[in-house]
Amino acid sequence: MGDAYISLLAGAIVLAYAAGLALAFADQLKDELVSGVLRTGLGMVPGGSAASGLVMLGLLGVLLLISKLGPTAVDQAQGFWWLTLPVTRTGFLARLLRHRLASTFLCGVFLWLPLGYGTVVGGLAEGTFAGVLLGAATLGLLFVVLSLLAAWAQTRNAVHVFRAVLNAAVVGVLLAYLLDVLLRILDLGNMAAFWAVLPSHLPALAQSGAWWIPLLLAALAMGGFSSLAGQLQSIPSKELISSGSVSAHAGAALALLDDKSLGSAIGAAGVRETKRTMGRRDRTRRRGSDAFARMLPVIWVRGPYSALVRAELLVLLRTGKIWRGSLAGWCIPVAGVFAVQGGRPAVLVSLVLVGAVLAARAASKAAGQTADLPSLEAIIPLGRSAVRQTHALVAALLLVPWAVGLGAFLGWAVEADAEGFMVLLGLAVVAGFGLAAGAVRMAFRPELDWGSVMLMAAMGRATGPLIQHFIYGYEVIAVSIVTLLAGLVLEPIPPVLLVIGTVVAAIAWGVGTSTSNQSNAHRRQW
């Protein structure tokens, strides 16, 4: 009874804060155009079109995630006991797929509820509470249809081709947004009709009163499952077990609140060497080096510091996901600038913060690999603090140019004067160092001490340590970007902000590269 009371009370408090934030965000969006911080004429893409493009990118991302997790998958024990038997496994696989579809539907419903409720209460969209439920059901059914598409690709043994098509579709949506911006700038028309016909526009239509949309999607989902159930037998056993292992790894990481392990599980799913990759490796073996190694020759190494910097830079340069993460972190705020609602302080601040988190996560990949193998630090003749600072320096080599490029674009977008523009560039430089420190802190996140958490849970204080573990590293990233965000919304930009940003970056650097662990929620690492 006590546990149930504490859980319900904590849930009510979280929902109350979430509703308050949603209403405050909606109030910011309802303000007149004079409250914008961007120069006049930049917000060209209507909010509905920009939202349709953003939701479409989300749907494609969810579909890519679903294809990596299955949706038809078995764990290792099921694969050992069932897949080796000379029997028809259609009913067994169909039951597993039904369970996965039901959980996917609920995820879609829960994702739309706060978004739809906030837009209706804030006056940004038409609809009632019943309309919000229709929109939530529509998004959940869209997730189900997407899962059936992924299952269809499994039955055709075309999962890798399917994922390549999804990646191409993501690039296509981004190019369509860029084309829409260019057409509006040149006054040659727009692509509003394109955004209106995308599936991502369906939840908003259902919320506004189109009750037939979820019914149509439900019929499509039932028909798709009926026609697909008989083909599940043709899915290769290797594909079923591989997807099941990824699902199990991701589920365990989620249960342990370890987002780094969760990202590793999802990122490693379905990775295979193509002929192009094998050919590149063979050429590298014959030559003794690749283009990146020739850019950073071994003769530059003069000690353990330079050796560690060179090795980590090679990892960053050779990993394509790092560059994609940095590009995504830059594109999100840039695309938001050209949206109608992008000029609102709340929207612009949120987009820049999301972009900074994505870029910092990308820059932490190399340090994260080192953190997963503590023996690597043991063979380097450097202290732990020196190793952390070297990791942060390498991350700064990537994040400082990223932040300067973003700061220059945003300085032009907010129409800063010459002095303010230089202040923004300085704030971007110091923010890049703070982001690098946050990336290293995130990479070296200690393991959660579940014994301590359970002890505090007995006294009703388990939520604090869990939140502290989850935001470990993210808090440094958020604090590091605060001064740059303040420079975007203040007019005129005070030069003293650069001094404050430098102090904040120095503190963030010390916290992010520190090897001490004073948290009761984490295990001590000596």
# chains A, B, ... in the order shown; residues from 1 in each chain; ligands from 1

$ residues_around --residues "A:Thr88" --least-positions-apart "6" --cutoff "12 Å" --atoms "only C-alpha atoms" --output "PDB file with C-alpha atoms, in the first residue's frame"
ATOM      1  CA  TRP A  82      11.821 -24.132 -31.145  1.00  0.00           C
ATOM      2  CA  ALA A  94       2.583 -14.886 -35.058  1.00  0.00           C
ATOM      3  CA  GLY A 230       1.352 -17.170 -43.042  1.00  0.00           C
ATOM      4  CA  GLN A 231       4.701 -15.902 -44.376  1.00  0.00           C
ATOM      5  CA  LEU A 232       6.515 -15.695 -41.034  1.00  0.00           C
ATOM      6  CA  GLN A 233       7.727 -19.257 -41.536  1.00  0.00           C
ATOM      7  CA  SER A 234      10.107 -18.021 -44.239  1.00  0.00           C
TER       8      SER A 234
END

$ residues_around --residues "A:Gly510" --least-positions-apart "5" --cutoff "9 Å" --atoms "only C-alpha atoms" --output "PDB file with N, CA and C atoms, in the first residue's frame"
ATOM      1  N   GLN A 389      41.387  14.415 -19.295  1.00  0.00           N
ATOM      2  CA  GLN A 389      41.566  15.712 -19.929  1.00  0.00           C
ATOM      3  C   GLN A 389      41.993  15.573 -21.385  1.00  0.00           C
ATOM      4  N   ALA A 437      33.749  18.510 -22.234  1.00  0.00           N
ATOM      5  CA  ALA A 437      33.832  17.968 -20.874  1.00  0.00           C
ATOM      6  C   ALA A 437      32.590  17.158 -20.525  1.00  0.00           C
ATOM      7  N   ALA A 505      32.502  27.479 -18.428  1.00  0.00           N
ATOM      8  CA  ALA A 505      33.232  26.445 -19.165  1.00  0.00           C
ATOM      9  C   ALA A 505      34.360  25.857 -18.328  1.00  0.00           C
TER      10      ALA A 505
END

$ atom_distance --atom1 "atom CA of A:His469" --atom2 "atom CA of A:Phe444"
11.8 Å

$ closest_residue --among "A:Cys331, A:Val171, A:Val440, A:Val159" --to "A:Gly405" --atoms "only C-alpha atoms"
A:Cys331

$ atom_distance --atom1 "atom CA of A:Ala386" --atom2 "atom CA of A:Leu425"
28.1 Å

$ closest_residue --among "A:Arg318, A:Gly355, A:Ile471, A:Leu57" --to "A:Ala168" --atoms "only C-alpha atoms"
A:Leu57

$ residues_around --residues "A:Ser147" --least-positions-apart "2" --cutoff "7 Å" --atoms "only C-alpha atoms" --output "list in words"
Leu63, Ile66, Pro71, Leu101, Phe143, Val144, Val145, Leu149, Ala150 and Ala151 of chain A

$ atom_distance --atom1 "atom CA of A:Leu205" --atom2 "atom CA of A:Gly131"
9.2 Å

$ closest_residue --among "A:Ala346, A:Val499, A:Val357, A:Ala136" --to "A:Trp211" --atoms "only C-alpha atoms"
A:Ala136

$ residues_around --residues "A:Asp417" --least-positions-apart "5" --cutoff "10 Å" --atoms "only C-alpha atoms" --output "PyMOL selection string"
chain A and resi 411-412+422-423+491-493

$ write_last_selection --atoms "C-alpha atoms" --output "tab-separated table (two decimals), in the first residue's frame"
chain	number	residue	atom	x	y	z
A	411	GLY	CA	24.45	35.24	-34.84
A	412	TRP	CA	23.45	36.07	-38.40
A	422	MET	CA	32.06	38.50	-31.87
A	423	VAL	CA	30.69	37.87	-28.37
A	491	GLU	CA	19.33	42.29	-26.97
A	492	PRO	CA	21.86	43.84	-26.91
A	493	ILE	CA	24.32	41.06	-26.05

$ select_by_dssp --residues "stretch 35-212 of chain A" --states "alpha helix (DSSP H)" --output "count of residues only"
127

$ closest_residue --among "A:Arg344, A:Arg100, A:Arg184, A:Arg310" --to "A:Leu397" --atoms "only C-alpha atoms"
A:Arg310

$ residues_around --residues "stretch 198-203 of chain A" --least-positions-apart "3" --cutoff "9 Å" --atoms "only C-alpha atoms" --output "number ranges by chain"
A: 48-49, 51-59, 112, 116, 132, 134-139, 142, 194-195, 206-208, 210, 213-214

$ residues_around --residues "A:Thr483" --least-positions-apart "3" --cutoff "9 Å" --atoms "only C-alpha atoms" --output "PDB file with all heavy atoms, in the first residue's frame"
ATOM      1  N   LEU A 427      31.425  33.005 -27.101  1.00  0.00           N
ATOM      2  CA  LEU A 427      30.587  32.105 -26.303  1.00  0.00           C
ATOM      3  C   LEU A 427      30.526  30.713 -26.914  1.00  0.00           C
ATOM      4  O   LEU A 427      30.482  29.707 -26.194  1.00  0.00           O
ATOM      5  CB  LEU A 427      29.178  32.690 -26.182  1.00  0.00           C
ATOM      6  CG  LEU A 427      29.031  33.957 -25.342  1.00  0.00           C
ATOM      7  CD1 LEU A 427      27.611  34.501 -25.445  1.00  0.00           C
ATOM      8  CD2 LEU A 427      29.388  33.682 -23.882  1.00  0.00           C
ATOM      9  N   ALA A 428      30.530  30.640 -28.244  1.00  0.00           N
ATOM     10  CA  ALA A 428      30.514  29.335 -28.909  1.00  0.00           C
ATOM     11  C   ALA A 428      31.806  28.568 -28.645  1.00  0.00           C
ATOM     12  O   ALA A 428      31.791  27.348 -28.438  1.00  0.00           O
ATOM     13  CB  ALA A 428      30.298  29.525 -30.408  1.00  0.00           C
ATOM     14  N   ALA A 431      31.708  27.373 -25.071  1.00  0.00           N
ATOM     15  CA  ALA A 431      30.671  26.336 -24.964  1.00  0.00           C
ATOM     16  C   ALA A 431      31.162  25.026 -25.556  1.00  0.00           C
ATOM     17  O   ALA A 431      30.824  23.946 -25.051  1.00  0.00           O
ATOM     18  CB  ALA A 431      29.398  26.792 -25.671  1.00  0.00           C
ATOM     19  N   VAL A 479      24.446  22.953 -18.858  1.00  0.00           N
ATOM     20  CA  VAL A 479      25.005  24.155 -18.235  1.00  0.00           C
ATOM     21  C   VAL A 479      25.993  24.842 -19.181  1.00  0.00           C
ATOM     22  O   VAL A 479      26.062  26.078 -19.236  1.00  0.00           O
ATOM     23  CB  VAL A 479      25.676  23.780 -16.892  1.00  0.00           C
ATOM     24  CG1 VAL A 479      26.460  24.955 -16.329  1.00  0.00           C
ATOM     25  CG2 VAL A 479      24.623  23.324 -15.897  1.00  0.00           C
ATOM     26  N   SER A 480      26.748  24.060 -19.937  1.00  0.00           N
ATOM     27  CA  SER A 480      27.764  24.634 -20.817  1.00  0.00           C
ATOM     28  C   SER A 480      27.163  25.474 -21.926  1.00  0.00           C
ATOM     29  O   SER A 480      27.801  26.417 -22.415  1.00  0.00           O
ATOM     30  CB  SER A 480      28.616  23.509 -21.421  1.00  0.00           C
ATOM     31  OG  SER A 480      29.259  22.756 -20.415  1.00  0.00           O
ATOM     32  N   ALA A 486      21.734  32.314 -23.767  1.00  0.00           N
ATOM     33  CA  ALA A 486      21.421  33.653 -23.258  1.00  0.00           C
ATOM     34  C   ALA A 486      21.828  34.727 -24.262  1.00  0.00           C
ATOM     35  O   ALA A 486      21.124  35.729 -24.446  1.00  0.00           O
ATOM     36  CB  ALA A 486      22.121  33.882 -21.924  1.00  0.00           C
ATOM     37  N   GLY A 487      22.949  34.519 -24.951  1.00  0.00           N
ATOM     38  CA  GLY A 487      23.369  35.481 -25.955  1.00  0.00           C
ATOM     39  C   GLY A 487      22.424  35.569 -27.131  1.00  0.00           C
ATOM     40  O   GLY A 487      22.331  36.614 -27.793  1.00  0.00           O
ATOM     41  N   LEU A 488      21.694  34.496 -27.400  1.00  0.00           N
ATOM     42  CA  LEU A 488      20.761  34.509 -28.528  1.00  0.00           C
ATOM     43  C   LEU A 488      19.494  35.288 -28.221  1.00  0.00           C
ATOM     44  O   LEU A 488      18.894  35.869 -29.125  1.00  0.00           O
ATOM     45  CB  LEU A 488      20.394  33.070 -28.912  1.00  0.00           C
ATOM     46  CG  LEU A 488      21.533  32.189 -29.445  1.00  0.00           C
ATOM     47  CD1 LEU A 488      21.026  30.781 -29.695  1.00  0.00           C
ATOM     48  CD2 LEU A 488      22.129  32.772 -30.709  1.00  0.00           C
ATOM     49  N   LEU A 497      28.878  38.732 -20.652  1.00  0.00           N
ATOM     50  CA  LEU A 497      28.419  37.347 -20.791  1.00  0.00           C
ATOM     51  C   LEU A 497      29.560  36.427 -21.204  1.00  0.00           C
ATOM     52  O   LEU A 497      29.550  35.239 -20.862  1.00  0.00           O
ATOM     53  CB  LEU A 497      27.285  37.298 -21.827  1.00  0.00           C
ATOM     54  CG  LEU A 497      26.384  36.060 -21.815  1.00  0.00           C
ATOM     55  CD1 LEU A 497      25.681  35.915 -20.485  1.00  0.00           C
ATOM     56  CD2 LEU A 497      25.346  36.153 -22.938  1.00  0.00           C
ATOM     57  N   LEU A 498      30.548  36.974 -21.916  1.00  0.00           N
ATOM     58  CA  LEU A 498      31.691  36.156 -22.321  1.00  0.00           C
ATOM     59  C   LEU A 498      32.524  35.761 -21.111  1.00  0.00           C
ATOM     60  O   LEU A 498      33.034  34.631 -21.036  1.00  0.00           O
ATOM     61  CB  LEU A 498      32.538  36.926 -23.333  1.00  0.00           C
ATOM     62  CG  LEU A 498      33.734  36.185 -23.931  1.00  0.00           C
ATOM     63  CD1 LEU A 498      33.280  34.892 -24.600  1.00  0.00           C
ATOM     64  CD2 LEU A 498      34.469  37.070 -24.922  1.00  0.00           C
ATOM     65  N   ILE A 500      31.332  35.397 -18.051  1.00  0.00           N
ATOM     66  CA  ILE A 500      30.531  34.385 -17.351  1.00  0.00           C
ATOM     67  C   ILE A 500      30.635  33.042 -18.062  1.00  0.00           C
ATOM     68  O   ILE A 500      30.778  31.984 -17.419  1.00  0.00           O
ATOM     69  CB  ILE A 500      29.063  34.850 -17.263  1.00  0.00           C
ATOM     70  CG1 ILE A 500      28.960  36.159 -16.478  1.00  0.00           C
ATOM     71  CG2 ILE A 500      28.204  33.774 -16.620  1.00  0.00           C
ATOM     72  CD1 ILE A 500      27.565  36.736 -16.443  1.00  0.00           C
ATOM     73  N   GLY A 501      30.570  33.063 -19.402  1.00  0.00           N
ATOM     74  CA  GLY A 501      30.688  31.817 -20.160  1.00  0.00           C
ATOM     75  C   GLY A 501      32.029  31.144 -19.952  1.00  0.00           C
ATOM     76  O   GLY A 501      32.114  29.905 -19.883  1.00  0.00           O
ATOM     77  N   VAL A 504      31.935  29.487 -16.545  1.00  0.00           N
ATOM     78  CA  VAL A 504      31.088  28.292 -16.610  1.00  0.00           C
ATOM     79  C   VAL A 504      31.812  27.157 -17.329  1.00  0.00           C
ATOM     80  O   VAL A 504      31.766  25.993 -16.900  1.00  0.00           O
ATOM     81  CB  VAL A 504      29.753  28.628 -17.310  1.00  0.00           C
ATOM     82  CG1 VAL A 504      28.961  27.357 -17.595  1.00  0.00           C
ATOM     83  CG2 VAL A 504      28.928  29.573 -16.453  1.00  0.00           C
TER      84      VAL A 504
END

$ residues_around --residues "A:Trp323" --least-positions-apart "3" --cutoff "12 Å" --atoms "only C-alpha atoms" --output "PDB file with N, CA, C and O atoms, in the first residue's frame"
ATOM      1  N   VAL A 315      39.936   7.234 -34.476  1.00  0.00           N
ATOM      2  CA  VAL A 315      38.633   6.608 -34.232  1.00  0.00           C
ATOM      3  C   VAL A 315      37.510   7.551 -34.653  1.00  0.00           C
ATOM      4  O   VAL A 315      36.541   7.148 -35.306  1.00  0.00           O
ATOM      5  N   LEU A 316      37.641   8.830 -34.292  1.00  0.00           N
ATOM      6  CA  LEU A 316      36.608   9.797 -34.652  1.00  0.00           C
ATOM      7  C   LEU A 316      36.498   9.971 -36.160  1.00  0.00           C
ATOM      8  O   LEU A 316      35.400  10.049 -36.717  1.00  0.00           O
ATOM      9  N   LEU A 317      37.633  10.037 -36.841  1.00  0.00           N
ATOM     10  CA  LEU A 317      37.612  10.264 -38.278  1.00  0.00           C
ATOM     11  C   LEU A 317      37.078   9.057 -39.039  1.00  0.00           C
ATOM     12  O   LEU A 317      36.446   9.210 -40.089  1.00  0.00           O
ATOM     13  N   ARG A 318      37.325   7.873 -38.525  1.00  0.00           N
ATOM     14  CA  ARG A 318      36.939   6.657 -39.254  1.00  0.00           C
ATOM     15  C   ARG A 318      35.510   6.205 -38.974  1.00  0.00           C
ATOM     16  O   ARG A 318      35.004   5.315 -39.662  1.00  0.00           O
ATOM     17  N   THR A 319      34.852   6.786 -37.999  1.00  0.00           N
ATOM     18  CA  THR A 319      33.507   6.362 -37.625  1.00  0.00           C
ATOM     19  C   THR A 319      32.483   7.281 -38.273  1.00  0.00           C
ATOM     20  O   THR A 319      32.415   8.478 -37.944  1.00  0.00           O
ATOM     21  N   GLY A 320      31.690   6.732 -39.185  1.00  0.00           N
ATOM     22  CA  GLY A 320      30.706   7.539 -39.892  1.00  0.00           C
ATOM     23  C   GLY A 320      29.589   8.036 -38.999  1.00  0.00           C
ATOM     24  O   GLY A 320      29.039   9.117 -39.232  1.00  0.00           O
ATOM     25  N   SER A 326      27.053  14.637 -35.562  1.00  0.00           N
ATOM     26  CA  SER A 326      27.408  16.058 -35.559  1.00  0.00           C
ATOM     27  C   SER A 326      26.573  16.825 -36.574  1.00  0.00           C
ATOM     28  O   SER A 326      26.122  17.950 -36.301  1.00  0.00           O
ATOM     29  N   LEU A 327      26.360  16.230 -37.744  1.00  0.00           N
ATOM     30  CA  LEU A 327      25.553  16.907 -38.765  1.00  0.00           C
ATOM     31  C   LEU A 327      24.107  17.042 -38.312  1.00  0.00           C
ATOM     32  O   LEU A 327      23.481  18.095 -38.515  1.00  0.00           O
ATOM     33  N   ALA A 328      23.575  16.001 -37.665  1.00  0.00           N
ATOM     34  CA  ALA A 328      22.199  16.088 -37.160  1.00  0.00           C
ATOM     35  C   ALA A 328      22.081  17.155 -36.083  1.00  0.00           C
ATOM     36  O   ALA A 328      21.097  17.903 -36.029  1.00  0.00           O
ATOM     37  N   GLY A 329      23.090  17.253 -35.211  1.00  0.00           N
ATOM     38  CA  GLY A 329      23.064  18.275 -34.179  1.00  0.00           C
ATOM     39  C   GLY A 329      23.139  19.681 -34.741  1.00  0.00           C
ATOM     40  O   GLY A 329      22.692  20.639 -34.099  1.00  0.00           O
ATOM     41  N   TRP A 330      23.676  19.837 -35.940  1.00  0.00           N
ATOM     42  CA  TRP A 330      23.738  21.154 -36.576  1.00  0.00           C
ATOM     43  C   TRP A 330      22.478  21.434 -37.374  1.00  0.00           C
ATOM     44  O   TRP A 330      22.006  22.572 -37.432  1.00  0.00           O
ATOM     45  N   LEU A 358      23.081  16.015 -29.186  1.00  0.00           N
ATOM     46  CA  LEU A 358      23.414  15.069 -30.251  1.00  0.00           C
ATOM     47  C   LEU A 358      24.883  15.170 -30.642  1.00  0.00           C
ATOM     48  O   LEU A 358      25.562  14.154 -30.835  1.00  0.00           O
ATOM     49  N   ALA A 359      25.384  16.383 -30.766  1.00  0.00           N
ATOM     50  CA  ALA A 359      26.793  16.556 -31.133  1.00  0.00           C
ATOM     51  C   ALA A 359      27.720  16.034 -30.039  1.00  0.00           C
ATOM     52  O   ALA A 359      28.742  15.399 -30.323  1.00  0.00           O
ATOM     53  N   ALA A 360      27.385  16.304 -28.778  1.00  0.00           N
ATOM     54  CA  ALA A 360      28.224  15.836 -27.677  1.00  0.00           C
ATOM     55  C   ALA A 360      28.213  14.315 -27.583  1.00  0.00           C
ATOM     56  O   ALA A 360      29.249  13.686 -27.311  1.00  0.00           O
ATOM     57  N   ARG A 361      27.060  13.715 -27.796  1.00  0.00           N
ATOM     58  CA  ARG A 361      27.000  12.244 -27.787  1.00  0.00           C
ATOM     59  C   ARG A 361      27.866  11.666 -28.903  1.00  0.00           C
ATOM     60  O   ARG A 361      28.531  10.649 -28.713  1.00  0.00           O
ATOM     61  N   ALA A 362      27.845  12.302 -30.072  1.00  0.00           N
ATOM     62  CA  ALA A 362      28.684  11.815 -31.170  1.00  0.00           C
ATOM     63  C   ALA A 362      30.162  11.940 -30.835  1.00  0.00           C
ATOM     64  O   ALA A 362      30.958  11.037 -31.113  1.00  0.00           O
ATOM     65  N   ALA A 363      30.543  13.042 -30.202  1.00  0.00           N
ATOM     66  CA  ALA A 363      31.951  13.254 -29.858  1.00  0.00           C
ATOM     67  C   ALA A 363      32.416  12.363 -28.715  1.00  0.00           C
ATOM     68  O   ALA A 363      33.631  12.222 -28.507  1.00  0.00           O
ATOM     69  N   SER A 364      31.493  11.752 -27.978  1.00  0.00           N
ATOM     70  CA  SER A 364      31.869  10.910 -26.844  1.00  0.00           C
ATOM     71  C   SER A 364      32.084   9.456 -27.230  1.00  0.00           C
ATOM     72  O   SER A 364      32.406   8.638 -26.367  1.00  0.00           O
ATOM     73  N   LYS A 365      31.909   9.115 -28.512  1.00  0.00           N
ATOM     74  CA  LYS A 365      31.996   7.713 -28.909  1.00  0.00           C
ATOM     75  C   LYS A 365      33.374   7.125 -28.645  1.00  0.00           C
ATOM     76  O   LYS A 365      33.503   6.011 -28.126  1.00  0.00           O
ATOM     77  N   LEU A 398      36.605  18.513 -32.067  1.00  0.00           N
ATOM     78  CA  LEU A 398      35.431  18.322 -32.909  1.00  0.00           C
ATOM     79  C   LEU A 398      34.312  19.294 -32.541  1.00  0.00           C
ATOM     80  O   LEU A 398      33.636  19.839 -33.428  1.00  0.00           O
ATOM     81  N   LEU A 399      34.120  19.540 -31.258  1.00  0.00           N
ATOM     82  CA  LEU A 399      32.965  20.314 -30.815  1.00  0.00           C
ATOM     83  C   LEU A 399      33.169  21.822 -30.895  1.00  0.00           C
ATOM     84  O   LEU A 399      32.201  22.561 -31.072  1.00  0.00           O
ATOM     85  N   TRP A 402      32.349  22.851 -34.383  1.00  0.00           N
ATOM     86  CA  TRP A 402      30.902  22.667 -34.529  1.00  0.00           C
ATOM     87  C   TRP A 402      30.146  23.827 -33.878  1.00  0.00           C
ATOM     88  O   TRP A 402      29.218  24.396 -34.476  1.00  0.00           O
TER      89      TRP A 402
END

$ closest_residue --among "A:Ala416, A:Val197, A:Leu182, A:Ala311" --to "A:Gln369" --atoms "only C-alpha atoms"
A:Ala311

$ decode --residues "stretch 310-324 of chain A" --atoms "C-alpha atoms" --output "compact mmCIF listing (two decimals), in the first residue's frame"
# COMPACT_ATOMS: atom_id res chain seq x y z
CA ARG A 310 46.29 10.46 -32.49
CA ALA A 311 44.57 7.16 -31.68
CA GLU A 312 41.35 8.82 -30.58
CA LEU A 313 41.31 11.20 -33.55
CA LEU A 314 41.65 8.23 -35.90
CA VAL A 315 38.63 6.61 -34.23
CA LEU A 316 36.61 9.80 -34.65
CA LEU A 317 37.61 10.26 -38.28
CA ARG A 318 36.94 6.66 -39.25
CA THR A 319 33.51 6.36 -37.62
CA GLY A 320 30.71 7.54 -39.89
CA LYS A 321 28.13 7.68 -37.08
CA ILE A 322 30.14 10.41 -35.40
CA TRP A 323 29.90 12.64 -38.45
CA ARG A 324 26.21 11.89 -38.89
